[in-house]
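Have a look at the structure below, then the notes.
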Amino acid sequence: QKEVEQNSGPLSVPEGAIASLNCTYSDRGSQSFFWYRQYSGKSPELIMFIYSNGDKEDGRFTAQLNKASQYVSLLIRDSQPSDSATYLCAVPSGAGSYQLTFGKGTKLSVIP
Amino acid sequence: GAVVSQHPSRVICKSGTSVKIECRSLDFQATTMFWYRQFPKKSLMLMATSNEGSKATYEQGVEKDKFLINHASLTLSTLTVTSAHPEDSSFYICSAPPDAGSLETQYFGPGTRLLVL
């Protein structure tokens, strides 16, 4: 069974700093990786997805994937208080599957 | 963009009663929808896969007779929690990948918070 591990936090960073969120996964065969943001009481919303080793940037967000180390991270530059949320790492449960296995999430607090 | 709705958004019921939760894809067809459950401070756990025109597929440990799923059309899946008990209190979230979409185009509903007294 696939496992996705995240540090539950909370992770506190000052406004304007870089927030670094980490995730490890158990299945070496996993091919795609997703980062979701979930505000309290709300459903998840997709922030980033990454399929290839290396970095992928989208605005203030950068996803980093290292398949050899089975590690994926999310960097948030110029953190804003509105970024305060729980960030969930997810991988498909099977090849090409829409079913997702989620990590427990890391709660991020950006301090003004 | 594509939207998935859920109804109701919040429900309180007495122990022993049944509760129906609807998940609708508003502007796309979804042959498959997924039901997740999230307990406080926990992550989302997949409960079942809802398939239009066929039986749902349940994850290990999820009672199919307790959580009835009906995928009545290409835009509607319902989850009925039968004989609900306080331990069923949770946040239920559905997701729907468009039939013509890719892995990253899976849309989540806003969730239904169930409280069983």
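Each chain in the structure tokens gets a letter, A, B, ..., in the order shown, and its residues are numbered from 1; ligands are numbered from 1 in order too.
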
Neighbour list for Val62 (chain B) as a PyMOL selection string, cut-off 8 Å, only C-alpha atoms, skip fewer than 5 positions in-chain: chain B and resi 47-48+67

Atoms to include: all heavy atoms. Write the selected residues as a PDB file, in the first residue's frame.
```
ATOM      1  N   MET B  47     -12.719   6.572   0.405  1.00  0.00           N
ATOM      2  CA  MET B  47     -13.697   5.594   0.872  1.00  0.00           C
ATOM      3  C   MET B  47     -14.100   4.656  -0.252  1.00  0.00           C
ATOM      4  O   MET B  47     -14.168   3.435  -0.064  1.00  0.00           O
ATOM      5  CB  MET B  47     -14.949   6.298   1.384  1.00  0.00           C
ATOM      6  CG  MET B  47     -14.760   7.198   2.571  1.00  0.00           C
ATOM      7  SD  MET B  47     -16.301   8.019   2.995  1.00  0.00           S
ATOM      8  CE  MET B  47     -17.299   6.616   3.497  1.00  0.00           C
ATOM      9  N   ALA B  48     -14.416   5.249  -1.398  1.00  0.00           N
ATOM     10  CA  ALA B  48     -14.971   4.435  -2.476  1.00  0.00           C
ATOM     11  C   ALA B  48     -14.880   5.171  -3.797  1.00  0.00           C
ATOM     12  O   ALA B  48     -14.765   6.395  -3.837  1.00  0.00           O
ATOM     13  CB  ALA B  48     -16.422   4.090  -2.171  1.00  0.00           C
ATOM     14  N   PHE B  67     -22.376   2.589   3.797  1.00  0.00           N
ATOM     15  CA  PHE B  67     -22.153   3.749   2.931  1.00  0.00           C
ATOM     16  C   PHE B  67     -22.604   3.374   1.516  1.00  0.00           C
ATOM     17  O   PHE B  67     -21.838   2.859   0.711  1.00  0.00           O
ATOM     18  CB  PHE B  67     -20.685   4.160   2.956  1.00  0.00           C
ATOM     19  CG  PHE B  67     -20.191   4.572   4.311  1.00  0.00           C
ATOM     20  CD1 PHE B  67     -19.474   3.687   5.116  1.00  0.00           C
ATOM     21  CD2 PHE B  67     -20.451   5.835   4.799  1.00  0.00           C
ATOM     22  CE1 PHE B  67     -19.031   4.065   6.380  1.00  0.00           C
ATOM     23  CE2 PHE B  67     -20.002   6.223   6.060  1.00  0.00           C
ATOM     24  CZ  PHE B  67     -19.296   5.343   6.849  1.00  0.00           C
TER      25      PHE B  67
END
```

Test item: chain B residues at most 7 Å from chain A, counting only C-alpha atoms, as a ChimeraX atom specification: /B:42-44,93,103-104,108-111

Emit the selected residues as a PDB file, in the first residue's frame, including all heavy atoms.
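Done, and the output landed in result.pdb:
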```pdb
ATOM      1  N   LYS B  42      -6.834  15.153  10.401  1.00  0.00           N
ATOM      2  CA  LYS B  42      -6.342  13.995   9.670  1.00  0.00           C
ATOM      3  C   LYS B  42      -6.406  14.288   8.177  1.00  0.00           C
ATOM      4  O   LYS B  42      -6.990  15.270   7.739  1.00  0.00           O
ATOM      5  CB  LYS B  42      -7.195  12.757   9.988  1.00  0.00           C
ATOM      6  CG  LYS B  42      -7.232  12.393  11.458  1.00  0.00           C
ATOM      7  CD  LYS B  42      -5.883  11.938  11.958  1.00  0.00           C
ATOM      8  CE  LYS B  42      -5.958  11.474  13.402  1.00  0.00           C
ATOM      9  NZ  LYS B  42      -4.616  11.065  13.928  1.00  0.00           N
ATOM     10  N   SER B  43      -5.800  13.407   7.407  1.00  0.00           N
ATOM     11  CA  SER B  43      -5.812  13.618   5.973  1.00  0.00           C
ATOM     12  C   SER B  43      -7.038  12.986   5.331  1.00  0.00           C
ATOM     13  O   SER B  43      -7.825  12.326   5.987  1.00  0.00           O
ATOM     14  CB  SER B  43      -4.547  13.042   5.357  1.00  0.00           C
ATOM     15  OG  SER B  43      -4.422  13.479   4.015  1.00  0.00           O
ATOM     16  N   LEU B  44      -7.194  13.231   4.074  1.00  0.00           N
ATOM     17  CA  LEU B  44      -8.300  12.639   3.336  1.00  0.00           C
ATOM     18  C   LEU B  44      -8.027  11.161   3.110  1.00  0.00           C
ATOM     19  O   LEU B  44      -6.937  10.769   2.712  1.00  0.00           O
ATOM     20  CB  LEU B  44      -8.454  13.296   1.969  1.00  0.00           C
ATOM     21  CG  LEU B  44      -9.140  14.648   1.907  1.00  0.00           C
ATOM     22  CD1 LEU B  44      -8.219  15.748   2.355  1.00  0.00           C
ATOM     23  CD2 LEU B  44      -9.646  14.927   0.499  1.00  0.00           C
ATOM     24  N   ILE B  93     -15.926  14.483   1.335  1.00  0.00           N
ATOM     25  CA  ILE B  93     -15.577  15.266   0.155  1.00  0.00           C
ATOM     26  C   ILE B  93     -15.623  14.358  -1.067  1.00  0.00           C
ATOM     27  O   ILE B  93     -15.094  13.240  -1.041  1.00  0.00           O
ATOM     28  CB  ILE B  93     -14.149  15.848   0.280  1.00  0.00           C
ATOM     29  CG1 ILE B  93     -14.009  16.670   1.562  1.00  0.00           C
ATOM     30  CG2 ILE B  93     -13.801  16.701  -0.938  1.00  0.00           C
ATOM     31  CD1 ILE B  93     -12.580  17.110   1.849  1.00  0.00           C
ATOM     32  N   LEU B 103      -4.853  13.890 -15.382  1.00  0.00           N
ATOM     33  CA  LEU B 103      -4.747  13.616 -13.955  1.00  0.00           C
ATOM     34  C   LEU B 103      -4.855  14.872 -13.095  1.00  0.00           C
ATOM     35  O   LEU B 103      -5.399  14.832 -12.004  1.00  0.00           O
ATOM     36  CB  LEU B 103      -3.422  12.912 -13.660  1.00  0.00           C
ATOM     37  CG  LEU B 103      -3.361  11.416 -13.957  1.00  0.00           C
ATOM     38  CD1 LEU B 103      -1.963  10.886 -13.706  1.00  0.00           C
ATOM     39  CD2 LEU B 103      -4.375  10.648 -13.142  1.00  0.00           C
ATOM     40  N   GLU B 104      -4.341  15.978 -13.626  1.00  0.00           N
ATOM     41  CA  GLU B 104      -4.343  17.167 -12.779  1.00  0.00           C
ATOM     42  C   GLU B 104      -5.651  17.932 -12.842  1.00  0.00           C
ATOM     43  O   GLU B 104      -5.825  18.923 -12.160  1.00  0.00           O
ATOM     44  CB  GLU B 104      -3.186  18.101 -13.172  1.00  0.00           C
ATOM     45  CG  GLU B 104      -3.229  18.581 -14.605  1.00  0.00           C
ATOM     46  CD  GLU B 104      -2.439  17.675 -15.533  1.00  0.00           C
ATOM     47  OE1 GLU B 104      -2.193  16.514 -15.177  1.00  0.00           O
ATOM     48  OE2 GLU B 104      -2.076  18.145 -16.623  1.00  0.00           O
ATOM     49  N   PHE B 108     -12.456  18.880  -6.801  1.00  0.00           N
ATOM     50  CA  PHE B 108     -13.039  18.496  -5.533  1.00  0.00           C
ATOM     51  C   PHE B 108     -14.287  19.318  -5.246  1.00  0.00           C
ATOM     52  O   PHE B 108     -14.353  20.507  -5.568  1.00  0.00           O
ATOM     53  CB  PHE B 108     -12.026  18.696  -4.394  1.00  0.00           C
ATOM     54  CG  PHE B 108     -10.980  17.626  -4.339  1.00  0.00           C
ATOM     55  CD1 PHE B 108      -9.839  17.704  -5.125  1.00  0.00           C
ATOM     56  CD2 PHE B 108     -11.130  16.532  -3.506  1.00  0.00           C
ATOM     57  CE1 PHE B 108      -8.876  16.716  -5.082  1.00  0.00           C
ATOM     58  CE2 PHE B 108     -10.168  15.531  -3.457  1.00  0.00           C
ATOM     59  CZ  PHE B 108      -9.044  15.628  -4.248  1.00  0.00           C
ATOM     60  N   GLY B 109     -15.258  18.665  -4.649  1.00  0.00           N
ATOM     61  CA  GLY B 109     -16.418  19.391  -4.161  1.00  0.00           C
ATOM     62  C   GLY B 109     -16.058  20.155  -2.901  1.00  0.00           C
ATOM     63  O   GLY B 109     -14.992  19.941  -2.326  1.00  0.00           O
ATOM     64  N   PRO B 110     -16.935  21.027  -2.451  1.00  0.00           N
ATOM     65  CA  PRO B 110     -16.647  21.852  -1.270  1.00  0.00           C
ATOM     66  C   PRO B 110     -16.755  21.100   0.045  1.00  0.00           C
ATOM     67  O   PRO B 110     -16.392  21.621   1.090  1.00  0.00           O
ATOM     68  CB  PRO B 110     -17.701  22.963  -1.353  1.00  0.00           C
ATOM     69  CG  PRO B 110     -18.820  22.347  -2.103  1.00  0.00           C
ATOM     70  CD  PRO B 110     -18.198  21.401  -3.088  1.00  0.00           C
ATOM     71  N   GLY B 111     -17.243  19.865  -0.006  1.00  0.00           N
ATOM     72  CA  GLY B 111     -17.326  19.066   1.215  1.00  0.00           C
ATOM     73  C   GLY B 111     -18.656  19.178   1.928  1.00  0.00           C
ATOM     74  O   GLY B 111     -19.388  20.171   1.793  1.00  0.00           O
TER      75      GLY B 111
END
```

Among the residues A:Cys23, A:Ala17, A:Ile111, A:Ala85, the one that comes closest to Arg60 (chain A) [using only C-alpha atoms]: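 Residue with the minimum atom-to-atom distance to Arg60 (chain A): A:Ala17.
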
Contact residues around Asp83 (chain A) with only C-alpha atoms at 10 Å, ignoring same-chain residues under 2 positions, as a ChimeraX atom specification: /A:15,19,37-39,76,78-81,85-87,108-110

Could you take the residues named above and write them with C-alpha atoms, as a tab-separated table (two decimals), in the first residue's frame?
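Here's the written file result.tsv:
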```tsv
chain	number	residue	atom	x	y	z
A	15	GLU	CA	5.77	37.12	6.13
A	19	ALA	CA	8.31	28.30	3.31
A	37	ARG	CA	-3.76	23.54	-0.29
A	38	GLN	CA	-6.60	23.15	2.18
A	39	TYR	CA	-7.97	25.98	4.24
A	76	ILE	CA	6.57	29.14	-1.32
A	78	ASP	CA	7.49	35.69	-0.39
A	79	SER	CA	5.07	33.94	1.95
A	80	GLN	CA	1.87	35.80	2.70
A	81	PRO	CA	-0.55	35.42	5.61
A	85	ALA	CA	-3.25	26.64	5.39
A	86	THR	CA	-2.59	22.92	5.44
A	87	TYR	CA	-0.63	21.64	2.46
A	108	LEU	CA	1.71	26.35	7.58
A	109	SER	CA	1.34	29.59	9.50
A	110	VAL	CA	2.70	32.79	7.97
```

Every residue of region 11-99 of chain B that DSSP places in strand (DSSP E or B), as a ChimeraX atom specification: /B:11-13,19-25,32-38,45-51,57-58,67-73,76-81,90-96

Selection near Ser50 (chain B), 8 Å with only C-alpha atoms, sequence-local residues under 5 positions removed, as a PyMOL selection string: chain B and resi 32-35+55-57+69-71+77

Would you write out those residues with N, CA, C and O atoms, as a tab-separated table (two decimals), in the first residue's frame?
```tsv
chain	number	residue	atom	x	y	z
B	32	THR	N	-16.71	8.57	-13.44
B	32	THR	CA	-16.19	8.13	-12.15
B	32	THR	C	-16.11	9.31	-11.20
B	32	THR	O	-15.70	10.40	-11.58
B	33	MET	N	-16.52	9.07	-9.99
B	33	MET	CA	-16.35	10.07	-8.92
B	33	MET	C	-15.78	9.35	-7.71
B	33	MET	O	-15.93	8.13	-7.57
B	34	PHE	N	-15.15	10.09	-6.85
B	34	PHE	CA	-14.53	9.51	-5.67
B	34	PHE	C	-15.10	10.15	-4.40
B	34	PHE	O	-15.38	11.35	-4.37
B	35	TRP	N	-15.27	9.32	-3.40
B	35	TRP	CA	-15.71	9.82	-2.10
B	35	TRP	C	-14.57	9.66	-1.10
B	35	TRP	O	-14.02	8.56	-0.93
B	55	LYS	N	-21.59	-0.94	-10.06
B	55	LYS	CA	-21.45	-0.86	-8.61
B	55	LYS	C	-20.22	-0.07	-8.21
B	55	LYS	O	-19.20	-0.07	-8.92
B	56	ALA	N	-20.31	0.53	-7.06
B	56	ALA	CA	-19.16	1.27	-6.52
B	56	ALA	C	-18.10	0.29	-6.03
B	56	ALA	O	-18.40	-0.87	-5.69
B	57	THR	N	-16.88	0.77	-6.01
B	57	THR	CA	-15.76	-0.01	-5.48
B	57	THR	C	-15.35	0.60	-4.16
B	57	THR	O	-15.03	1.79	-4.09
B	69	ILE	N	-23.65	3.93	-2.20
B	69	ILE	CA	-23.29	4.87	-3.26
B	69	ILE	C	-24.10	4.55	-4.50
B	69	ILE	O	-24.20	3.40	-4.93
B	70	ASN	N	-24.68	5.60	-5.08
B	70	ASN	CA	-25.44	5.46	-6.31
B	70	ASN	C	-24.99	6.53	-7.29
B	70	ASN	O	-25.05	7.72	-7.00
B	71	HIS	N	-24.52	6.08	-8.44
B	71	HIS	CA	-24.06	7.02	-9.47
B	71	HIS	C	-25.13	7.03	-10.55
B	71	HIS	O	-25.06	6.30	-11.53
B	77	SER	N	-23.52	11.71	-8.25
B	77	SER	CA	-23.26	10.56	-7.39
B	77	SER	C	-23.79	10.90	-6.00
B	77	SER	O	-23.66	12.05	-5.55
```

Nearest candidate to Asp55 (chain A) (options A:Ser82, A:Gly16, A:Leu75, A:Ala68; using only C-alpha atoms):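 Result for the nearest residue to Asp55 (chain A): A:Leu75.
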
Best match for closeness to Ser89 (chain B) among B:Ser102, B:Thr31, B:Ser15, B:Asn51, counting only C-alpha atoms: B:Ser15

Pick from A:Asn22, A:Ser30, A:Ser84, A:Gln1 nearest to Thr62 (chain A), counting only C-alpha atoms: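 The shortest atom-to-atom distance to Thr62 (chain A) comes from A:Asn22.
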
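Across B:Ser9, B:Thr17, B:Gln38, B:Ser54, the tightest approach to His85 (chain B) is made by B:Thr17 when counting only C-alpha atoms.
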
One-decimal distance in Å that lies between CA of Leu76 (chain B) and CA of Val3 (chain B):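 Rounded to one decimal, the two atoms are 12.5 Å apart.
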
d(CA of Ser5 (chain B), CA of Cys94 (chain B)) in Å: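 Those two atoms sit 8.7 Å apart.
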